$ cat upload-v2.txt   # compact mmCIF, C-alpha atoms and all ligand atoms
# COMPACT_ATOMS: atom_id res chain seq x y z
CA MET A 1 21.54 19.01 -8.64
CA ASP A 2 19.44 16.37 -10.33
CA ASN A 3 15.92 17.60 -11.01
CA PRO A 4 13.51 14.83 -9.94
CA PHE A 5 11.02 15.77 -12.66
CA GLN A 6 13.73 15.33 -15.28
CA SER A 7 14.36 11.88 -13.79
CA TYR A 8 10.69 11.05 -14.23
CA LEU A 9 10.70 12.24 -17.86
CA THR A 10 13.75 10.08 -18.60
CA GLN A 11 12.01 7.09 -17.04
CA LEU A 12 8.79 7.83 -18.97
CA ASN A 13 10.58 8.14 -22.30
CA GLN A 14 12.49 4.91 -21.82
CA ALA A 15 9.26 3.01 -21.21
CA ALA A 16 7.45 4.83 -24.03
CA LYS A 17 10.11 3.66 -26.48
CA VAL A 18 9.67 0.01 -25.51
CA LEU A 19 5.88 0.32 -25.67
CA LYS A 20 5.99 2.33 -28.93
CA LEU A 21 3.61 4.69 -27.19
CA ASP A 22 1.54 7.21 -29.10
CA GLN A 23 3.09 10.71 -28.82
CA GLN A 24 -0.29 12.11 -27.70
CA ILE A 25 -0.24 9.82 -24.68
CA ILE A 26 3.39 10.68 -23.90
CA ASP A 27 2.55 14.40 -24.03
CA GLN A 28 -0.27 13.95 -21.54
CA LEU A 29 1.99 11.99 -19.20
CA ALA A 30 4.66 14.69 -19.32
CA VAL A 31 2.66 17.40 -17.50
CA PRO A 32 0.37 17.48 -14.46
CA LYS A 33 -3.33 17.85 -15.30
CA ARG A 34 -3.65 20.47 -12.60
CA LEU A 35 -1.25 22.22 -10.27
CA VAL A 36 -2.75 24.15 -7.37
CA GLU A 37 -0.47 26.72 -5.77
CA LEU A 38 -1.58 28.14 -2.44
CA ASN A 39 -0.41 31.08 -0.35
CA PHE A 40 -2.21 30.86 2.93
CA PRO A 41 -1.97 32.81 6.19
CA VAL A 42 -1.32 31.10 9.52
CA LYS A 43 -1.39 32.77 12.91
CA LEU A 44 1.77 32.10 14.90
CA ASP A 45 1.88 31.80 18.70
CA ASN A 46 3.31 35.33 18.95
CA GLY A 47 0.10 36.67 17.38
CA LYS A 48 1.70 37.52 14.03
CA ILE A 49 0.40 36.23 10.71
CA LYS A 50 2.79 34.44 8.38
CA ILE A 51 2.09 33.49 4.78
CA PHE A 52 3.06 29.93 3.85
CA LYS A 53 3.37 28.54 0.34
CA GLY A 54 1.95 25.13 -0.52
CA PHE A 55 1.14 23.05 -3.58
CA ARG A 56 -1.04 20.18 -4.71
CA SER A 57 -0.12 18.58 -7.98
CA GLN A 58 -2.82 16.42 -9.58
CA PHE A 59 -0.85 14.57 -12.17
CA ASN A 60 -3.12 12.00 -13.76
CA ASN A 61 -6.48 10.44 -12.90
CA ALA A 62 -6.98 7.93 -15.71
CA LEU A 63 -7.16 5.01 -13.27
CA GLY A 64 -9.09 6.73 -10.47
CA PRO A 65 -9.02 9.68 -8.06
CA TYR A 66 -5.66 11.42 -7.61
CA LYS A 67 -3.80 9.85 -4.69
CA GLY A 68 -0.69 10.81 -2.77
CA GLY A 69 0.77 12.28 0.37
CA ILE A 70 1.39 15.78 1.66
CA ARG A 71 4.95 16.71 2.58
CA PHE A 72 6.04 19.40 5.06
CA HIS A 73 9.67 20.33 4.39
CA SER A 74 11.74 23.46 3.91
CA ASP A 75 13.06 22.08 0.58
CA VAL A 76 9.59 21.52 -0.91
CA HIS A 77 9.62 22.91 -4.43
CA ARG A 78 7.05 23.12 -7.22
CA ASP A 79 9.03 20.80 -9.51
CA GLU A 80 9.62 18.33 -6.71
CA VAL A 81 5.90 18.15 -5.91
CA ILE A 82 5.10 17.60 -9.60
CA ALA A 83 7.71 14.84 -9.84
CA LEU A 84 6.40 13.16 -6.72
CA SER A 85 2.86 13.29 -8.12
CA ALA A 86 4.06 11.73 -11.38
CA TRP A 87 5.77 8.96 -9.43
CA MET A 88 2.53 8.40 -7.48
CA THR A 89 0.73 7.92 -10.81
CA ILE A 90 3.22 5.21 -11.76
CA LYS A 91 3.19 3.70 -8.25
CA CYS A 92 -0.59 3.31 -8.07
CA ALA A 93 -0.57 1.67 -11.50
CA VAL A 94 2.30 -0.66 -10.52
CA ALA A 95 0.31 -1.70 -7.45
CA ASP A 96 -2.77 -2.08 -9.67
CA LEU A 97 -4.91 0.26 -7.57
CA PRO A 98 -7.93 2.24 -8.81
CA PHE A 99 -6.07 5.53 -8.24
CA GLY A 100 -4.24 8.16 -10.22
CA GLY A 101 -1.36 10.19 -8.82
CA GLY A 102 -1.13 13.41 -6.83
CA LYS A 103 1.11 15.01 -4.24
CA GLY A 104 1.05 17.99 -1.93
CA GLY A 105 3.68 19.96 -0.13
CA VAL A 106 4.16 22.96 2.11
CA ILE A 107 7.42 24.90 2.34
CA VAL A 108 7.97 24.78 6.09
CA ASP A 109 10.33 23.32 8.66
CA PRO A 110 7.75 21.74 10.98
CA LYS A 111 10.37 21.29 13.71
CA LYS A 112 10.37 25.07 14.13
CA LEU A 113 6.62 25.20 14.85
CA SER A 114 4.79 24.53 18.09
CA THR A 115 2.09 21.84 18.08
CA LYS A 116 -0.59 24.52 17.98
CA GLU A 117 1.07 26.26 15.03
CA LEU A 118 1.42 22.95 13.20
CA LYS A 119 -2.28 22.29 13.74
CA ARG A 120 -3.27 25.74 12.41
CA LEU A 121 -0.96 25.29 9.42
CA SER A 122 -2.47 21.88 8.61
CA GLN A 123 -6.00 23.26 8.93
CA ALA A 124 -5.26 26.33 6.81
CA TYR A 125 -3.65 24.25 4.05
CA ILE A 126 -6.59 21.87 3.70
CA ARG A 127 -9.16 24.64 4.09
CA THR A 128 -7.62 26.47 1.15
CA LEU A 129 -7.54 23.24 -0.84
CA ALA A 130 -10.99 21.99 0.20
CA ASP A 131 -12.64 22.34 -3.23
CA PHE A 132 -9.88 20.36 -4.94
CA VAL A 133 -9.92 17.23 -2.74
CA GLY A 134 -12.50 14.58 -1.81
CA GLN A 135 -12.87 10.82 -1.67
CA ASP A 136 -13.68 10.55 -5.39
CA LEU A 137 -11.54 13.46 -6.55
CA ASP A 138 -8.17 13.59 -4.79
CA VAL A 139 -7.26 11.63 -1.68
CA PRO A 140 -4.25 12.91 0.32
CA ALA A 141 -2.19 10.95 2.88
CA PRO A 142 0.94 11.41 5.00
CA ASP A 143 4.39 11.84 3.48
CA VAL A 144 7.69 13.27 4.82
CA ASN A 145 7.06 15.02 8.19
CA THR A 146 3.30 14.48 8.20
CA ASN A 147 1.54 11.82 10.28
CA PRO A 148 -1.84 10.41 11.40
CA GLN A 149 -2.41 13.31 13.83
CA ILE A 150 -1.98 15.83 11.02
CA MET A 151 -4.37 13.78 8.86
CA ALA A 152 -6.95 13.85 11.68
CA TRP A 153 -6.67 17.64 11.93
CA MET A 154 -7.03 18.00 8.17
CA LEU A 155 -10.02 15.67 7.93
CA ALA A 156 -11.86 17.44 10.76
CA GLU A 157 -11.25 20.81 9.13
CA TYR A 158 -12.36 19.58 5.71
CA GLU A 159 -15.55 18.07 7.16
CA LYS A 160 -16.25 21.31 8.99
CA VAL A 161 -15.84 23.43 5.86
CA LYS A 162 -17.86 21.05 3.69
CA GLN A 163 -20.47 20.21 6.34
CA ILE A 164 -20.25 16.48 5.61
CA LYS A 165 -18.83 13.23 7.02
CA GLU A 166 -16.33 11.86 4.55
CA PRO A 167 -13.57 9.81 6.19
CA GLY A 168 -12.38 8.47 2.80
CA MET A 169 -11.33 11.98 1.81
CA LEU A 170 -7.84 11.20 3.06
CA THR A 171 -5.93 8.17 4.31
CA GLY A 172 -3.31 7.48 6.96
CA LYS A 173 -5.72 8.67 9.67
CA PRO A 174 -5.51 7.39 13.23
CA VAL A 175 -7.69 4.31 13.75
CA SER A 176 -9.90 6.38 16.08
CA ALA A 177 -10.65 8.76 13.18
CA GLY A 178 -11.55 6.02 10.69
CA GLY A 179 -8.03 4.91 9.77
CA SER A 180 -7.07 1.34 8.95
CA GLN A 181 -5.35 -1.04 11.28
CA GLY A 182 -1.77 -1.46 10.13
CA ARG A 183 -1.43 1.71 8.00
CA THR A 184 1.47 2.93 10.18
CA GLU A 185 3.55 -0.19 9.59
CA ALA A 186 2.42 -0.61 5.99
CA THR A 187 5.19 1.01 3.92
CA GLY A 188 8.01 -0.70 5.81
CA LEU A 189 6.16 -4.00 5.96
CA GLY A 190 5.22 -3.86 2.28
CA GLY A 191 8.89 -3.20 1.47
CA PHE A 192 9.80 -6.25 3.51
CA PHE A 193 7.34 -8.44 1.56
CA ILE A 194 8.92 -7.24 -1.70
CA LEU A 195 12.42 -7.91 -0.33
CA ARG A 196 11.37 -11.43 0.73
CA GLU A 197 10.12 -12.20 -2.80
CA LEU A 198 13.22 -10.74 -4.43
CA LEU A 199 15.61 -12.70 -2.23
CA LYS A 200 13.80 -15.90 -3.21
CA MET A 201 14.38 -15.09 -6.89
CA LEU A 202 18.01 -14.16 -6.32
CA LYS A 203 18.52 -17.21 -4.09
CA LEU A 204 20.15 -15.03 -1.44
CA LYS A 205 19.92 -16.77 1.94
CA PRO A 206 20.48 -15.53 5.49
CA PRO A 207 22.48 -14.35 7.32
CA LEU A 208 22.10 -11.06 5.47
CA THR A 209 23.10 -7.54 6.52
CA ILE A 210 21.09 -4.35 5.98
CA ALA A 211 21.97 -0.64 6.14
CA ILE A 212 19.10 1.84 6.26
CA GLN A 213 19.39 5.54 5.50
CA GLY A 214 16.46 7.30 7.20
CA PHE A 215 14.92 6.20 10.47
CA GLY A 216 11.49 7.79 10.15
CA ASN A 217 8.30 5.75 10.12
CA VAL A 218 9.21 3.80 6.98
CA GLY A 219 12.83 3.03 7.88
CA TYR A 220 11.90 2.05 11.41
CA TRP A 221 9.24 -0.49 10.42
CA LEU A 222 11.41 -2.09 7.74
CA ALA A 223 14.20 -2.37 10.32
CA ASP A 224 11.91 -3.82 12.96
CA VAL A 225 10.30 -6.46 10.75
CA ALA A 226 13.62 -7.45 9.13
CA HIS A 227 15.33 -7.66 12.54
CA GLN A 228 12.59 -9.94 13.85
CA ASP A 229 13.01 -12.12 10.78
CA GLY A 230 16.73 -12.62 11.49
CA PHE A 231 18.34 -9.99 9.26
CA LYS A 232 21.22 -8.07 10.81
CA ILE A 233 20.67 -4.29 10.79
CA VAL A 234 24.24 -2.96 10.84
CA ALA A 235 23.64 0.73 10.17
CA LEU A 236 20.86 3.29 10.61
CA SER A 237 20.73 7.05 10.21
CA ASP A 238 18.62 10.19 10.34
CA SER A 239 19.15 13.76 9.17
CA GLN A 240 21.71 14.34 11.95
CA GLY A 241 23.97 11.37 11.10
CA GLY A 242 24.27 7.62 11.37
CA ILE A 243 25.26 4.75 13.64
CA TYR A 244 27.10 1.57 12.74
CA ASN A 245 27.57 -1.73 14.54
CA PRO A 246 28.76 -4.76 12.52
CA ASP A 247 27.26 -7.06 15.20
CA GLY A 248 23.79 -5.63 14.61
CA LEU A 249 21.52 -2.96 16.10
CA GLU A 250 18.18 -3.45 17.83
CA PRO A 251 15.67 -1.17 16.08
CA GLN A 252 13.27 -0.90 19.02
CA LYS A 253 16.05 0.20 21.36
CA VAL A 254 17.40 2.66 18.80
CA LEU A 255 13.89 4.09 18.48
CA GLN A 256 13.67 4.58 22.25
CA HIS A 257 17.03 6.38 22.14
CA LYS A 258 15.83 8.55 19.26
CA GLN A 259 12.60 9.42 21.08
CA LYS A 260 14.61 10.45 24.13
CA THR A 261 17.40 12.40 22.43
CA GLY A 262 15.89 13.46 19.11
CA SER A 263 18.33 11.43 16.98
CA VAL A 264 19.85 7.99 16.50
CA ILE A 265 23.35 9.40 16.93
CA ASN A 266 25.32 8.58 20.11
CA TYR A 267 23.43 5.30 20.53
CA SER A 268 25.47 3.20 22.94
CA GLY A 269 27.73 0.52 21.51
CA SER A 270 27.68 2.00 18.02
CA LYS A 271 30.20 3.89 15.92
CA LYS A 272 29.36 7.18 14.26
CA ILE A 273 28.97 7.08 10.49
CA SER A 274 27.99 9.82 8.06
CA ASN A 275 24.93 9.49 5.84
CA GLU A 276 27.25 9.40 2.79
CA LYS A 277 29.48 6.64 4.19
CA LEU A 278 26.46 4.57 5.23
CA LEU A 279 25.44 4.31 1.57
CA GLU A 280 28.88 2.95 0.69
CA LEU A 281 28.98 0.17 3.32
CA LYS A 282 29.67 -3.39 2.21
CA VAL A 283 26.26 -4.84 3.11
CA ASP A 284 23.92 -7.25 1.38
CA ILE A 285 20.96 -4.87 1.30
CA LEU A 286 21.00 -1.08 1.20
CA VAL A 287 17.76 0.76 1.95
CA PRO A 288 17.57 4.47 1.14
CA ALA A 289 14.48 5.52 3.14
CA ALA A 290 14.85 9.31 3.32
CA LEU A 291 14.87 11.77 0.41
CA GLU A 292 15.52 12.02 -3.33
CA ASN A 293 18.77 11.83 -5.30
CA VAL A 294 20.99 10.37 -2.56
CA ILE A 295 22.49 7.82 -4.98
CA ASN A 296 23.68 9.77 -8.00
CA LYS A 297 26.50 9.80 -10.49
CA SER A 298 29.01 11.03 -7.92
CA ASN A 299 28.64 8.06 -5.54
CA ALA A 300 26.94 5.23 -7.47
CA ALA A 301 30.25 3.59 -8.35
CA LYS A 302 31.03 3.32 -4.62
CA ILE A 303 27.87 1.39 -3.71
CA LYS A 304 28.83 -2.11 -2.57
CA ALA A 305 25.45 -3.60 -1.63
CA LYS A 306 24.05 -6.51 -3.66
CA VAL A 307 20.50 -5.18 -3.48
CA VAL A 308 19.14 -1.62 -3.18
CA LEU A 309 15.57 -1.41 -1.87
CA GLU A 310 14.23 2.10 -2.57
CA LEU A 311 11.88 2.97 0.27
CA ALA A 312 12.33 6.72 -0.28
CA ASN A 313 10.78 8.30 -3.36
CA GLY A 314 13.36 8.93 -6.09
CA PRO A 315 16.56 8.10 -4.14
CA VAL A 316 18.44 6.87 -7.25
CA THR A 317 18.96 9.13 -10.28
CA PRO A 318 18.84 7.85 -13.90
CA ASP A 319 22.64 8.33 -14.19
CA ALA A 320 23.12 6.20 -11.11
CA ASP A 321 20.76 3.53 -12.51
CA LYS A 322 23.18 2.94 -15.36
CA ILE A 323 26.15 2.62 -13.02
CA LEU A 324 24.33 0.22 -10.67
CA ASP A 325 23.21 -1.85 -13.66
CA LYS A 326 26.80 -2.12 -14.88
CA LYS A 327 27.92 -3.24 -11.45
CA GLY A 328 25.24 -5.94 -11.40
CA ILE A 329 23.47 -4.42 -8.38
CA VAL A 330 19.77 -5.25 -8.29
CA PHE A 331 17.68 -2.22 -7.36
CA VAL A 332 13.99 -2.38 -6.53
CA PRO A 333 12.41 0.88 -7.71
CA ASP A 334 10.55 3.14 -5.29
CA VAL A 335 7.30 2.74 -7.24
CA LEU A 336 7.32 -0.95 -6.30
CA ALA A 337 9.39 -1.07 -3.09
CA ASN A 338 7.42 1.56 -1.16
CA SER A 339 3.99 0.89 -2.65
CA GLY A 340 2.85 -0.90 0.52
CA GLY A 341 1.93 2.51 1.96
CA VAL A 342 -0.47 3.53 -0.76
CA THR A 343 -1.75 -0.04 -1.09
CA THR A 344 -2.82 0.08 2.55
CA SER A 345 -4.22 3.57 1.93
CA TRP A 346 -6.41 1.93 -0.68
CA LEU A 347 -7.49 -0.70 1.87
CA GLU A 348 -8.32 2.16 4.26
CA TRP A 349 -10.33 3.97 1.58
CA VAL A 350 -12.23 0.77 0.73
CA GLN A 351 -13.08 0.30 4.42
CA ASN A 352 -14.22 3.94 4.70
CA LYS A 353 -16.43 3.65 1.63
CA SER A 354 -17.97 0.33 2.68
CA GLY A 355 -18.21 1.11 6.39
CA LYS A 356 -16.80 -2.35 7.15
CA TYR A 357 -13.55 -2.54 9.13
CA TRP A 358 -10.96 -5.33 9.19
CA PRO A 359 -8.65 -6.49 11.98
CA LYS A 360 -4.89 -6.01 11.54
CA PRO A 361 -4.06 -9.60 10.43
CA THR A 362 -6.67 -9.31 7.65
CA VAL A 363 -5.16 -6.02 6.48
CA PHE A 364 -1.64 -7.50 6.48
CA LYS A 365 -2.80 -10.60 4.60
CA LYS A 366 -4.44 -8.43 1.91
CA LEU A 367 -1.32 -6.27 1.74
CA ASP A 368 0.91 -9.32 1.37
CA THR A 369 -1.22 -10.71 -1.47
CA LYS A 370 -1.18 -7.36 -3.32
CA MET A 371 2.58 -6.91 -2.90
CA VAL A 372 3.38 -10.41 -4.12
CA LYS A 373 1.20 -9.85 -7.19
CA ALA A 374 2.86 -6.48 -7.92
CA PHE A 375 6.32 -8.00 -7.51
CA LYS A 376 5.54 -10.92 -9.82
CA ASP A 377 4.09 -8.65 -12.53
CA ILE A 378 7.22 -6.49 -12.54
CA TRP A 379 9.65 -9.38 -12.23
CA GLN A 380 8.08 -11.20 -15.18
CA GLU A 381 8.08 -8.05 -17.31
CA SER A 382 11.75 -7.49 -16.54
CA LYS A 383 12.58 -11.02 -17.67
CA LYS A 384 10.39 -10.71 -20.77
CA GLN A 385 11.84 -7.38 -21.89
CA ARG A 386 15.35 -8.06 -20.48
CA VAL A 387 15.36 -4.76 -18.61
CA ASN A 388 15.96 -3.76 -15.00
CA LEU A 389 13.11 -3.66 -12.48
CA ARG A 390 12.64 0.13 -12.78
CA LYS A 391 12.14 0.00 -16.53
CA ALA A 392 9.86 -3.01 -16.12
CA ALA A 393 7.77 -1.16 -13.52
CA TYR A 394 7.36 1.84 -15.82
CA ILE A 395 6.42 -0.40 -18.74
CA VAL A 396 3.75 -2.23 -16.73
CA ALA A 397 2.39 1.01 -15.24
CA ILE A 398 2.29 3.01 -18.44
CA LYS A 399 0.64 0.13 -20.25
CA ARG A 400 -2.15 0.16 -17.64
CA ILE A 401 -2.49 3.96 -17.59
CA SER A 402 -2.46 4.40 -21.36
CA ARG A 403 -5.07 1.66 -21.76
CA ALA A 404 -7.35 3.59 -19.41
CA MET A 405 -6.58 6.89 -21.14
CA LYS A 406 -7.48 5.48 -24.55
CA LYS A 407 -10.80 4.29 -23.20
N1 LIG B 1 3.35 9.25 0.85
C1 LIG B 1 3.25 7.85 0.54
C2 LIG B 1 3.89 7.57 -0.79
O1 LIG B 1 4.71 8.33 -1.27
C3 LIG B 1 1.84 7.32 0.67
C4 LIG B 1 0.85 7.91 -0.26
C5 LIG B 1 -0.58 7.48 0.00
O2 LIG B 1 -0.82 6.61 0.82
O3 LIG B 1 -1.45 8.05 -0.67
O4 LIG B 1 3.69 6.54 -1.37
$ encode --input "upload-v2.txt" --output "structure tokens" --more "lines below"
Ligand code: GLU
Amino acid sequence: MDNPFQSYLTQLNQAAKVLKLDQQIIDQLAVPKRLVELNFPVKLDNGKIKIFKGFRSQFNNALGPYKGGIRFHSDVHRDEVIALSAWMTIKCAVADLPFGGGKGGVIVDPKKLSTKELKRLSQAYIRTLADFVGQDLDVPAPDVNTNPQIMAWMLAEYEKVKQIKEPGMLTGKPVSAGGSQGRTEATGLGGFFILRELLKMLKLKPPLTIAIQGFGNVGYWLADVAHQDGFKIVALSDSQGGIYNPDGLEPQKVLQHKQKTGSVINYSGSKKISNEKLLELKVDILVPAALENVINKSNAAKIKAKVVLELANGPVTPDADKILDKKGIVFVPDVLANSGGVTTSWLEWVQNKSGKYWPKPTVFKKLDTKMVKAFKDIWQESKKQRVNLRKAAYIVAIKRISRAMKK
């Protein structure tokens, strides 16, 4: 299995070579500044206490407070959390935000918990972590299997423990708890803005087909916005399997089906397709929007899309990068493609700190402007250095981070 932290180190070293980076800077970017490991008790509905293991990796804060989501998943692993926090460091720098990178995770299958248990778990995690987070220290947000409700529980618990009001301590909150308009749509929408800019550069014109692996919050919003803009969504999937219809699927109707049945599978008028086969479909745009390492050396040669838009974190391994490059497939790296989420988190944090709140169209306009700027910076660097977009993104990011570190 590809180790995501190894992937990060490969990506770092490639950029460091181009930048002729000082070894002392490379060394500091090869380890997290702080890794907090927590073992915390949670009372289950049957009255028994269970110990859960969680992490918070604070990778680098040269550009600002640590920033990044909290993931609830049974596969959460120390190295994975560190890798994700390193990628957040790069992502925030790519998006030119005043944030460093962090990430949290709890080893748990949240689907096996009741709502009350999930609430107690969320509270216990943040309570144990309370001294290590804060609006100017480390600002968490949602990630895989966490959502605005969980953020609201965590914020309330943190404020109770600390005896303060500090809504900017985390982002991705519900609007009623100080969240920003548009944060829910932001990652998918931001990905769409990036796709729009890329297609202009590649001169790819509609009609265009899209396959999306992962139909969580991010995959759904990308699908919805792209569908409304005339793209044909031919395949969608979740952890239980996928659906395929060459004539196109309607994301809103698929979502209703998923909400009713728990999965996209068995959606009427569609054919079943496995998650593996979905990746190999002959489509214009492939969007991995689930977990890491899904495109690797064993299947990269079978990818037939013209463009891969990485909405998941780390879906393509360094081995696969080389194969996609050789095939002439353009891939937009996660640190650019999915940076709309953290960019809107920044907008939320700015609103919290200033106490001034913007309507949704204002938030989307600001997001659009930021995404276009990030895309252009990376695109130009890739042309200048004659490298793919991932290498260009790392070069731009590490240049910004190392400048701040030297200061
Ligand atoms: N979890 C998201 C990511 O991986 C959002 C992080 C944030 O908003 O801080 O980019």
$ residues_near_ligand --input "upload-v2.txt" --ligand "ligand LIG 1 (chain B)" --cutoff "6 Å" --atoms "only C-alpha atoms and all ligand atoms" --output "PyMOL selection string"
chain A and resi 67-69+140-143+339+341-342+345
$ atom_distance --input "upload-v2.txt" --atom1 "atom CA of A:Ala337" --atom2 "atom CA of A:Gly191"
5.1 Å
$ closest_residue --input "upload-v2.txt" --among "A:Thr128, A:Ser85, A:Asn147, A:Ser7" --to "A:Asn296" --atoms "all atoms listed in the file"
A:Ser7
$ closest_residue --input "upload-v2.txt" --among "A:Val31, A:Val108, A:Val36, A:Leu286" --to "A:Phe59" --atoms "only C-alpha atoms"
A:Val31
$ residues_around --input "upload-v2.txt" --residues "stretch 242-248 of chain A" --least-positions-apart "6" --cutoff "6 Å" --atoms "all atoms listed in the file" --output "list in words"
Lys232, Ile233, Val234, Ala235, Leu236, Ile265, Ser270, Lys271, Lys272, Ile273, Ser274 and Asn275 of chain A
$ closest_residue --input "upload-v2.txt" --among "A:Gly214, A:Gly219, A:Pro32, A:Pro167" --to "A:Asp79" --atoms "only C-alpha atoms"
A:Pro32
$ atom_distance --input "upload-v2.txt" --atom1 "atom CA of A:Arg183" --atom2 "atom CA of A:Lys360"
9.2 Å
$ residues_around --input "upload-v2.txt" --residues "A:Gly355" --least-positions-apart "2" --cutoff "12 Å" --atoms "only C-alpha atoms" --output "list of chain:residue names"
A:Glu166, A:Pro167, A:Gly168, A:Gly178, A:Gly179, A:Ser180, A:Leu347, A:Glu348, A:Trp349, A:Val350, A:Gln351, A:Asn352, A:Lys353, A:Tyr357, A:Trp358
$ closest_residue --input "upload-v2.txt" --among "A:Val332, A:Asp27, A:Leu9, A:Phe52" --to "A:Leu198" --atoms "all atoms listed in the file"
A:Val332
$ closest_residue --input "upload-v2.txt" --among "A:Lys383, A:Val139, A:Ala404, A:Leu121" --to "A:Asn39" --atoms "only C-alpha atoms"
A:Leu121
$ residues_around --input "upload-v2.txt" --residues "A:Gln252" --least-positions-apart "2" --cutoff "10 Å" --atoms "only C-alpha atoms" --output "PyMOL selection string"
chain A and resi 220-221+223-224+227+249-250+254-258
$ write_last_selection --input "upload-v2.txt" --atoms "C-alpha atoms" --output "compact mmCIF listing (two decimals), keeping the file's coordinate frame"
# COMPACT_ATOMS: atom_id res chain seq x y z
CA TYR A 220 11.90 2.05 11.41
CA TRP A 221 9.24 -0.49 10.42
CA ALA A 223 14.20 -2.37 10.32
CA ASP A 224 11.91 -3.82 12.96
CA HIS A 227 15.33 -7.66 12.54
CA LEU A 249 21.52 -2.96 16.10
CA GLU A 250 18.18 -3.45 17.83
CA VAL A 254 17.40 2.66 18.80
CA LEU A 255 13.89 4.09 18.48
CA GLN A 256 13.67 4.58 22.25
CA HIS A 257 17.03 6.38 22.14
CA LYS A 258 15.83 8.55 19.26
$ closest_residue --input "upload-v2.txt" --among "A:Ala16, A:Leu113, A:Asn145, A:Lys326" --to "A:Val396" --atoms "all atoms listed in the file"
A:Ala16
$ atom_distance --input "upload-v2.txt" --atom1 "atom CA of A:Lys406" --atom2 "atom CA of A:Gly100"
14.9 Å
$ residues_around --input "upload-v2.txt" --residues "A:Lys116" --least-positions-apart "4" --cutoff "9 Å" --atoms "only C-alpha atoms" --output "ChimeraX atom specification"
/A:44-45,120-121
$ residues_around --input "upload-v2.txt" --residues "A:Arg196" --least-positions-apart "6" --cutoff "12 Å" --atoms "all atoms listed in the file" --output "ChimeraX atom specification"
/A:189-190,202-206,208,222,225-226,229,231,285,307,309,332,337,368,371-372,375
